[in-house]
$ cat my_file14.cif   # mmCIF, C-alpha atoms and all ligand atoms
data_structure
loop_
_atom_site.label_atom_id
_atom_site.label_comp_id
_atom_site.auth_asym_id
_atom_site.auth_seq_id
_atom_site.Cartn_x
_atom_site.Cartn_y
_atom_site.Cartn_z
CA MET O 1 -18.58 8.70 -0.88
CA LYS O 2 -17.45 5.89 -3.17
CA ALA O 3 -14.13 4.09 -2.60
CA ALA O 4 -12.48 1.15 -4.36
CA TYR O 5 -11.68 -1.86 -2.15
CA ILE O 6 -9.82 -5.10 -2.76
CA GLU O 7 -12.03 -8.02 -1.74
CA GLY O 8 -10.57 -11.42 -2.52
CA ASN O 9 -9.07 -10.88 -5.94
CA ARG O 10 -11.75 -8.43 -7.03
CA ILE O 11 -12.22 -4.68 -6.97
CA VAL O 12 -15.44 -3.58 -5.31
CA LEU O 13 -16.75 -0.02 -5.14
CA ARG O 14 -18.15 0.60 -1.68
CA GLU O 15 -20.18 3.47 -0.28
CA VAL O 16 -18.24 4.56 2.82
CA PRO O 17 -18.45 7.52 5.25
CA GLU O 18 -16.47 10.68 4.39
CA PRO O 19 -13.14 10.69 6.27
CA THR O 20 -12.59 13.46 8.82
CA PRO O 21 -9.10 14.63 9.76
CA GLY O 22 -7.79 13.98 13.27
CA PRO O 23 -5.05 16.09 14.90
CA GLY O 24 -2.20 16.70 12.44
CA GLU O 25 -4.08 15.03 9.58
CA VAL O 26 -5.59 16.43 6.41
CA VAL O 27 -8.22 15.13 4.00
CA VAL O 28 -7.47 15.55 0.31
CA GLU O 29 -10.08 15.76 -2.42
CA VAL O 30 -8.44 13.46 -4.98
CA ARG O 31 -8.17 14.95 -8.45
CA TYR O 32 -6.29 11.99 -9.87
CA ALA O 33 -4.92 8.71 -8.56
CA LEU O 34 -2.62 6.55 -10.68
CA THR O 35 -2.68 2.77 -10.93
CA ASP O 36 0.60 0.95 -10.48
CA GLY O 37 2.20 -2.47 -10.44
CA THR O 38 2.08 -2.78 -6.65
CA ASP O 39 -1.68 -2.33 -6.69
CA LEU O 40 -1.94 -4.92 -9.45
CA LYS O 41 0.14 -7.37 -7.38
CA ALA O 42 -2.05 -6.69 -4.34
CA LEU O 43 -5.10 -7.47 -6.43
CA LEU O 44 -3.80 -10.61 -8.16
CA ARG O 45 -1.71 -12.29 -5.48
CA GLY O 46 -2.02 -10.22 -2.30
CA HIS O 47 0.57 -7.87 -0.83
CA HIS O 48 1.76 -7.94 2.78
CA LEU O 49 1.67 -4.14 3.13
CA ILE O 50 -1.62 -3.52 1.33
CA GLY O 51 -3.82 -6.52 2.12
CA GLU O 52 -7.54 -6.32 1.54
CA GLY O 53 -9.46 -3.07 1.96
CA PRO O 54 -9.23 0.39 0.45
CA PHE O 55 -6.30 0.74 -1.94
CA GLY O 56 -4.56 3.25 -4.21
CA HIS O 57 -1.58 5.23 -2.95
CA GLU O 58 -0.46 7.53 -5.81
CA TYR O 59 -2.51 10.70 -5.50
CA ALA O 60 -2.71 14.42 -6.15
CA GLY O 61 -5.52 16.72 -5.17
CA VAL O 62 -6.75 19.69 -3.20
CA ILE O 63 -6.90 20.01 0.58
CA TRP O 64 -10.53 19.57 1.56
CA ALA O 65 -10.30 19.56 5.37
CA VAL O 66 -7.52 20.30 7.82
CA GLY O 67 -7.09 18.75 11.28
CA GLU O 68 -6.14 20.51 14.49
CA GLY O 69 -2.54 21.70 14.63
CA VAL O 70 -1.78 21.54 10.89
CA GLU O 71 0.06 24.72 9.97
CA ASP O 72 1.59 24.11 6.54
CA PHE O 73 -1.63 23.43 4.62
CA ARG O 74 -4.95 25.25 4.19
CA GLU O 75 -8.21 24.24 2.57
CA GLY O 76 -7.90 24.66 -1.19
CA ASP O 77 -4.11 24.08 -1.37
CA GLU O 78 -2.99 21.88 -4.26
CA VAL O 79 -0.94 18.98 -2.95
CA VAL O 80 0.90 15.83 -3.93
CA GLY O 81 2.54 13.41 -1.55
CA ALA O 82 4.10 10.06 -0.89
CA ASN O 83 2.20 7.15 0.63
CA THR O 84 4.14 6.75 3.88
CA ALA O 85 6.51 8.64 6.14
CA PRO O 86 9.06 7.44 8.67
CA CYS O 87 8.32 7.73 12.39
CA PHE O 88 11.85 9.06 13.19
CA GLY O 89 11.71 7.16 16.51
CA CYS O 90 12.34 3.46 15.77
CA ARG O 91 15.81 1.90 15.52
CA MET O 92 15.81 1.88 11.71
CA CYS O 93 14.89 5.58 11.63
CA ARG O 94 17.54 6.41 14.26
CA ILE O 95 20.26 4.88 12.07
CA GLY O 96 18.95 6.75 9.02
CA ARG O 97 17.32 3.80 7.24
CA TYR O 98 14.04 5.68 6.84
CA ASN O 99 12.67 3.45 4.06
CA LEU O 100 12.82 0.53 6.51
CA CYS O 101 10.94 2.35 9.32
CA GLU O 102 9.33 -0.26 11.57
CA ASN O 103 6.14 1.82 11.74
CA LEU O 104 5.73 2.30 8.00
CA SER O 105 2.42 0.47 7.83
CA ARG O 106 0.99 2.61 10.67
CA ASN O 107 1.64 5.79 8.72
CA MET O 108 0.36 4.65 5.35
CA VAL O 109 -1.91 6.35 2.83
CA LEU O 110 -4.34 3.82 1.39
CA GLY O 111 -7.57 4.58 -0.42
CA ALA O 112 -6.60 7.00 -3.18
CA TYR O 113 -9.22 5.47 -5.47
CA ALA O 114 -11.91 7.53 -3.74
CA GLN O 115 -13.30 11.03 -3.66
CA HIS O 116 -11.62 11.91 -0.37
CA LEU O 117 -8.42 10.56 1.13
CA LYS O 118 -7.15 10.94 4.67
CA ILE O 119 -3.42 11.65 5.02
CA PRO O 120 -1.82 10.48 8.31
CA ALA O 121 -0.09 13.12 10.44
CA ALA O 122 3.40 11.66 9.85
CA VAL O 123 2.93 11.96 6.08
CA VAL O 124 1.54 15.51 6.41
CA ARG O 125 4.64 16.49 8.42
CA THR O 126 7.27 14.90 6.16
CA ASN O 127 6.08 13.72 2.76
CA LEU O 128 3.16 15.94 1.69
CA TYR O 129 4.09 18.79 -0.64
CA HIS O 130 2.45 21.79 -2.22
CA LYS O 131 2.09 20.67 -5.81
CA PRO O 132 4.34 22.68 -8.13
CA PRO O 133 1.93 24.46 -10.51
CA GLU O 134 3.96 23.25 -13.52
CA ILE O 135 2.98 19.61 -12.92
CA PRO O 136 -0.62 18.82 -13.93
CA PHE O 137 -2.71 16.87 -11.40
CA LYS O 138 -2.81 13.90 -13.76
CA TYR O 139 0.96 13.38 -13.70
CA ALA O 140 1.87 14.57 -10.21
CA PRO O 141 1.02 11.20 -8.56
CA MET O 142 4.08 9.71 -10.30
CA LEU O 143 6.00 11.33 -7.43
CA GLU O 144 5.80 8.21 -5.25
CA PRO O 145 7.03 5.53 -7.69
CA LEU O 146 9.65 7.93 -9.05
CA ALA O 147 10.92 8.40 -5.47
CA CYS O 148 11.34 4.61 -5.23
CA ALA O 149 13.50 4.63 -8.39
CA VAL O 150 15.50 7.57 -7.04
CA HIS O 151 16.15 5.57 -3.88
CA GLY O 152 17.28 2.64 -6.06
CA LEU O 153 19.81 4.94 -7.66
CA GLU O 154 21.04 6.01 -4.21
CA VAL O 155 21.55 2.35 -3.29
CA LEU O 156 23.45 1.71 -6.53
CA ASP O 157 26.01 4.49 -6.00
CA LEU O 158 27.15 4.62 -9.60
CA ASN O 159 30.60 6.22 -9.42
CA GLY O 160 32.84 4.28 -11.79
CA TYR O 161 30.14 2.47 -13.75
CA GLU O 162 29.11 3.46 -17.23
CA ARG O 163 27.06 0.88 -19.14
CA VAL O 164 23.63 0.21 -17.69
CA LEU O 165 20.98 -2.35 -18.64
CA VAL O 166 17.42 -1.89 -17.44
CA VAL O 167 15.38 -5.09 -17.61
CA GLY O 168 11.63 -4.52 -17.90
CA THR O 169 9.22 -2.32 -19.81
CA GLY O 170 7.04 -0.82 -17.10
CA SER O 171 6.90 2.60 -15.54
CA ILE O 172 9.68 1.77 -13.05
CA ALA O 173 11.98 0.72 -15.92
CA SER O 174 11.10 4.01 -17.60
CA PHE O 175 11.94 6.04 -14.49
CA PHE O 176 15.32 4.31 -14.27
CA ILE O 177 16.05 4.99 -17.95
CA LEU O 178 15.30 8.69 -17.46
CA LEU O 179 17.45 8.87 -14.31
CA PHE O 180 20.41 7.06 -15.91
CA LYS O 181 20.22 9.27 -19.00
CA MET O 182 20.13 12.35 -16.74
CA THR O 183 23.28 11.16 -14.98
CA GLY O 184 25.15 10.60 -18.24
CA HIS O 185 25.14 6.81 -18.41
CA ARG O 186 24.87 4.69 -21.52
CA VAL O 187 21.51 2.92 -21.14
CA ALA O 188 20.10 -0.22 -22.73
CA VAL O 189 16.59 -1.56 -22.11
CA LEU O 190 15.61 -5.23 -22.39
CA GLY O 191 12.01 -6.44 -22.41
CA ARG O 192 9.57 -8.87 -23.89
CA ASN O 193 6.67 -6.52 -24.65
CA PRO O 194 7.38 -5.09 -28.14
CA GLU O 195 4.66 -2.42 -27.97
CA LYS O 196 5.97 -1.00 -24.71
CA LEU O 197 9.60 -1.21 -25.85
CA LYS O 198 8.67 0.86 -28.88
CA VAL O 199 6.90 3.50 -26.81
CA ILE O 200 9.82 3.67 -24.35
CA ALA O 201 12.28 4.00 -27.25
CA GLU O 202 10.28 6.84 -28.80
CA ASN O 203 9.89 8.77 -25.57
CA LEU O 204 13.10 8.22 -23.62
CA ASN O 205 15.61 7.54 -26.36
CA PRO O 206 17.69 4.80 -24.67
CA ASP O 207 20.99 4.00 -26.39
CA GLU O 208 19.99 0.38 -27.05
CA VAL O 209 16.63 -1.39 -27.22
CA LEU O 210 16.79 -5.18 -26.86
CA ASP O 211 14.28 -7.98 -26.92
CA TYR O 212 15.11 -11.55 -25.95
CA SER O 213 15.78 -12.55 -29.57
CA ALA O 214 18.82 -10.23 -29.59
CA SER O 215 22.27 -11.28 -28.45
CA ILE O 216 22.54 -9.54 -25.11
CA GLY O 217 25.97 -8.36 -24.00
CA ARG O 218 27.23 -7.68 -20.49
CA TYR O 219 26.83 -4.42 -18.61
CA ASP O 220 28.40 -2.75 -15.60
CA VAL O 221 25.04 -2.25 -13.93
CA VAL O 222 21.84 -4.24 -14.41
CA VAL O 223 18.51 -3.16 -12.93
CA GLU O 224 15.73 -5.75 -12.62
CA SER O 225 12.29 -4.12 -12.53
CA THR O 226 9.89 -6.92 -13.43
CA GLY O 227 9.27 -8.69 -10.11
CA ARG O 228 9.54 -12.10 -11.83
CA ARG O 229 11.66 -14.83 -10.32
CA GLU O 230 13.04 -16.10 -13.64
CA VAL O 231 14.18 -12.56 -14.48
CA TRP O 232 15.89 -12.16 -11.08
CA GLU O 233 17.76 -15.39 -11.83
CA SER O 234 18.71 -14.33 -15.37
CA VAL O 235 20.20 -10.89 -14.79
CA LEU O 236 23.62 -12.21 -13.71
CA ASN O 237 24.04 -13.42 -17.33
CA TYR O 238 24.00 -9.79 -18.48
CA THR O 239 26.35 -8.46 -15.78
CA ASP O 240 30.04 -7.86 -16.44
CA ARG O 241 32.93 -8.49 -14.04
CA GLY O 242 32.91 -6.03 -11.17
CA GLY O 243 29.32 -5.14 -11.93
CA LYS O 244 26.33 -4.34 -9.78
CA ILE O 245 22.83 -5.78 -9.92
CA LEU O 246 19.85 -3.96 -8.47
CA LEU O 247 16.93 -6.31 -7.81
CA PHE O 248 14.05 -3.83 -7.66
CA GLY O 249 10.84 -5.75 -8.39
CA GLY O 250 9.58 -7.50 -5.24
CA LEU O 251 8.69 -11.21 -5.28
CA PRO O 252 6.01 -13.01 -3.23
CA GLU O 253 6.81 -14.19 0.31
CA GLY O 254 8.57 -17.57 0.37
CA THR O 255 10.24 -17.15 -3.04
CA HIS O 256 13.82 -18.47 -3.27
CA VAL O 257 16.26 -17.54 -6.02
CA ALA O 258 19.53 -19.11 -7.18
CA PHE O 259 22.67 -17.44 -8.54
CA ASP O 260 26.02 -18.69 -9.87
CA ALA O 261 28.08 -18.26 -6.70
CA HIS O 262 31.38 -18.70 -8.53
CA ARG O 263 30.79 -15.70 -10.78
CA LEU O 264 29.41 -13.61 -7.92
CA HIS O 265 32.57 -14.16 -5.88
CA TYR O 266 35.44 -14.37 -8.37
CA GLU O 267 34.10 -11.52 -10.48
CA GLU O 268 33.08 -9.46 -7.46
CA ILE O 269 29.57 -8.86 -8.70
CA HIS O 270 27.43 -7.07 -6.14
CA LEU O 271 23.81 -8.07 -5.63
CA LEU O 272 21.75 -5.18 -4.27
CA THR O 273 18.10 -4.62 -3.49
CA SER O 274 16.17 -1.45 -2.87
CA PHE O 275 12.82 -1.01 -1.22
CA HIS O 276 10.50 1.99 -1.10
CA HIS O 277 11.67 5.57 -0.62
CA THR O 278 13.12 8.00 1.92
CA PRO O 279 12.13 11.61 2.65
CA LEU O 280 15.20 12.70 0.69
CA SER O 281 14.37 10.57 -2.35
CA VAL O 282 10.80 11.93 -2.32
CA ARG O 283 12.13 15.48 -2.28
CA ARG O 284 14.57 14.71 -5.09
CA ALA O 285 11.80 13.03 -7.09
CA LEU O 286 9.64 16.16 -6.76
CA HIS O 287 12.38 18.30 -8.28
CA ILE O 288 12.98 15.77 -11.07
CA LEU O 289 9.25 15.50 -11.82
CA ARG O 290 8.92 19.28 -12.01
CA GLU O 291 11.66 19.41 -14.64
CA HIS O 292 10.83 16.23 -16.56
CA TRP O 293 7.13 15.42 -16.18
CA GLU O 294 6.50 16.00 -19.89
CA LYS O 295 9.04 13.31 -20.81
CA LEU O 296 7.21 10.91 -18.46
CA ALA O 297 3.67 11.87 -19.52
CA PHE O 298 3.53 8.87 -21.90
CA LEU O 299 3.39 6.61 -18.83
CA VAL O 300 -0.23 7.66 -18.23
CA SER O 301 -1.78 5.47 -20.90
CA GLY O 302 -5.39 6.50 -20.38
CA GLU O 303 -7.99 7.84 -17.99
CA PHE O 304 -11.03 6.23 -16.37
CA PRO O 305 -13.68 7.49 -13.97
CA LEU O 306 -13.65 5.72 -10.60
CA GLU O 307 -16.71 3.67 -11.58
CA ARG O 308 -14.64 2.02 -14.35
CA ILE O 309 -11.46 1.36 -12.35
CA GLY O 310 -11.83 -2.38 -13.05
CA GLU O 311 -11.20 -1.76 -16.77
CA ALA O 312 -7.94 0.02 -15.96
CA PHE O 313 -6.66 -2.94 -13.95
CA GLU O 314 -7.80 -5.40 -16.60
CA LEU O 315 -5.67 -3.51 -19.15
CA MET O 316 -2.74 -3.51 -16.70
CA ARG O 317 -3.15 -7.26 -16.17
CA ARG O 318 -2.98 -7.83 -19.91
CA GLY O 319 0.23 -5.76 -20.19
CA LYS O 320 -1.59 -2.99 -22.09
CA GLY O 321 -0.32 0.45 -21.20
CA PHE O 322 1.81 1.59 -18.28
CA LYS O 323 -0.34 3.42 -15.74
CA TYR O 324 -3.93 4.66 -15.83
CA ALA O 325 -5.29 7.84 -14.30
CA ILE O 326 -8.38 7.29 -12.16
CA LYS O 327 -10.65 10.30 -11.71
CA PRO O 328 -12.96 10.02 -8.69
ZN ZN O 401 10.66 4.57 12.16
#
$ encode --input "my_file14.cif" --output "structure tokens"
Amino acid sequence: MKAAYIEGNRIVLREVPEPTPGPGEVVVEVRYALTDGTDLKALLRGHHLIGEGPFGHEYAGVIWAVGEGVEDFREGDEVVGANTAPCFGCRMCRIGRYNLCENLSRNMVLGAYAQHLKIPAAVVRTNLYHKPPEIPFKYAPMLEPLACAVHGLEVLDLNGYERVLVVGTGSIASFFILLFKMTGHRVAVLGRNPEKLKVIAENLNPDEVLDYSASIGRYDVVVESTGRREVWESVLNYTDRGGKILLFGGLPEGTHVAFDAHRLHYEEIHLLTSFHHTPLSVRRALHILREHWEKLAFLVSGEFPLERIGEAFELMRRGKGFKYAIKP
């Protein structure tokens, strides 16, 4: 079968053997995989969890082969899942910090840009779901990034905060806008890509749409979703006394950031980060996606066959569109 690999900073389609499922594993025939910002980062500057090799981790498809001992899935079942699952045995898992599982990279789904995709046993047990029939295959792979945004919301714990600013115009920013609207917050979005701001405004109806030429007020909660150092360092300017900042977009290893310590302390502004997802946030995301996938459908900006995956990432690199559906 054909599978897309990262080699250097290029995408290469390789002919590789069909995967076969070991005990507890399944192999999924991928109907659609979605591109995302993490894959783009891995391609352009490397990523410590992805590295070189087969990539793609947002997938939906049909069970093609089932390993020994798998009871919940049969050949032909329609499924969608997350890209990792906790081991439930390490120290982080024992204290309930499942997103920080020390064995995350051992139980990782990589290689969704391919005809067939092997799902590790830990993911089959915890984070693989029967796809709700309401969600089309093309949109179901949003489950994984949506679960990361849901986890961000769990970290924020928003009791007592009302005005929210989301900085960024990507799919993660869009997920946050939807989630904050659902929870009754007043939401502003700030970004520098006018085309995407317009599309977000039309589809998600945020209360305020701001570009950098506007005068930007201060908010109770500010979410950074761009993964750019200068944006991390700017968000304190938009945060009100007693506010919270969620730094969501990861930066390359070795990056240092600076903040006004006086404001952080004397105005009790909380700096928070969130990484990845937990089994609970995946489950919550599945329910949210089942109810709201149509509102999020605009995030799939186009579709390419696997052979043309390079064009999808070139559009992503140029800031054109949000996510692209890859059809193996
Ligand atoms: Zn663990």
$ closest_residue --input "my_file14.cif" --among "O:Leu251, O:Leu197, O:Ala258, O:Ile245" --to "Gly319 (chain O)" --atoms "all atoms listed in the file"
O:Leu197
$ residues_near_ligand --input "my_file14.cif" --ligand "ligand ZN 401 (chain O)" --cutoff "9 Å" --atoms "all atoms listed in the file" --output "JSON, numbers by chain"
{"O": [85, 86, 87, 88, 89, 90, 91, 92, 93, 94, 97, 98, 99, 100, 101, 102, 103, 104]}
$ residues_around --input "my_file14.cif" --residues "Val66 (chain O)" --least-positions-apart "4" --cutoff "8 Å" --atoms "all atoms listed in the file" --output "number ranges by chain"
O: 21, 24-27, 70, 73-75
$ closest_residue --input "my_file14.cif" --among "O:Ala173, O:Ile95, O:Ala140, O:Val30" --to "Ile119 (chain O)" --atoms "all atoms listed in the file"
O:Val30
$ closest_residue --input "my_file14.cif" --among "O:His116, O:Arg241, O:His256, O:Arg163" --to "Arg229 (chain O)" --atoms "all atoms listed in the file"
O:His256
$ atom_distance --input "my_file14.cif" --atom1 "CA of His57 (chain O)" --atom2 "CA of Ala112 (chain O)"
5.3 Å
$ closest_residue --input "my_file14.cif" --among "O:Met1, O:Ala60, O:Leu153, O:Ala122" --to "Tyr139 (chain O)" --atoms "only C-alpha atoms"
O:Ala60
$ residues_around --input "my_file14.cif" --residues "Ser174 (chain O)" --least-positions-apart "4" --cutoff "8 Å" --atoms "all atoms listed in the file" --output "list in words"
Thr169, Gly170, Leu178, Ile200, Leu204 and Leu296 of chain O
$ closest_residue --input "my_file14.cif" --among "O:Asn107, O:Glu303, O:Pro279, O:Lys295" --to "Asn203 (chain O)" --atoms "only C-alpha atoms"
O:Lys295
$ closest_residue --input "my_file14.cif" --among "O:Glu154, O:Glu311, O:Glu208, O:Asp260" --to "Val235 (chain O)" --atoms "only C-alpha atoms"
O:Asp260
$ closest_atom_pairs --input "my_file14.cif" --of "region 112-227 of chain O" --to "region 37-45 of chain O" --cutoff "10 Å" --atoms "all atoms listed in the file" --output "tab-separated table"
residue	atom	partner	partner_atom	distance
O:Pro145	CA	O:Thr38	CA	9.7
O:Gly170	CA	O:Gly37	CA	8.4
O:Ser171	CA	O:Gly37	CA	8.6
O:Ile172	CA	O:Gly37	CA	9.0
O:Thr226	CA	O:Gly37	CA	9.4
O:Gly227	CA	O:Gly37	CA	9.4
$ atom_distance --input "my_file14.cif" --atom1 "CA of Gly152 (chain O)" --atom2 "CA of His287 (chain O)"
16.6 Å
$ residues_around --input "my_file14.cif" --residues "Lys2 (chain O)" --least-positions-apart "3" --cutoff "8 Å" --atoms "only C-alpha atoms" --output "count of residues only"
6
$ atom_distance --input "my_file14.cif" --atom1 "CA of Arg228 (chain O)" --atom2 "CA of Val164 (chain O)"
19.6 Å
$ residues_around --input "my_file14.cif" --residues "Cys148 (chain O)" --least-positions-apart "3" --cutoff "9 Å" --atoms "all atoms listed in the file" --output "MDAnalysis selection string"
chainID O and resid 143:145 151:153 172 274:278 281:282 285
$ write_last_selection --input "my_file14.cif" --atoms "C-alpha atoms" --output "PDB file, keeping the file's coordinate frame"
ATOM      1  CA  LEU O 143       6.000  11.330  -7.430  1.00  0.00           C
ATOM      2  CA  GLU O 144       5.800   8.210  -5.250  1.00  0.00           C
ATOM      3  CA  PRO O 145       7.030   5.530  -7.690  1.00  0.00           C
ATOM      4  CA  HIS O 151      16.150   5.570  -3.880  1.00  0.00           C
ATOM      5  CA  GLY O 152      17.280   2.640  -6.060  1.00  0.00           C
ATOM      6  CA  LEU O 153      19.810   4.940  -7.660  1.00  0.00           C
ATOM      7  CA  ILE O 172       9.680   1.770 -13.050  1.00  0.00           C
ATOM      8  CA  SER O 274      16.170  -1.450  -2.870  1.00  0.00           C
ATOM      9  CA  PHE O 275      12.820  -1.010  -1.220  1.00  0.00           C
ATOM     10  CA  HIS O 276      10.500   1.990  -1.100  1.00  0.00           C
ATOM     11  CA  HIS O 277      11.670   5.570  -0.620  1.00  0.00           C
ATOM     12  CA  THR O 278      13.120   8.000   1.920  1.00  0.00           C
ATOM     13  CA  SER O 281      14.370  10.570  -2.350  1.00  0.00           C
ATOM     14  CA  VAL O 282      10.800  11.930  -2.320  1.00  0.00           C
ATOM     15  CA  ALA O 285      11.800  13.030  -7.090  1.00  0.00           C
TER      16      ALA O 285
END
$ residues_around --input "my_file14.cif" --residues "Val223 (chain O)" --least-positions-apart "4" --cutoff "8 Å" --atoms "all atoms listed in the file" --output "list of chain:residue names"
O:Val164, O:Leu165, O:Val166, O:Val167, O:Ile245, O:Leu246, O:Leu247, O:Phe248
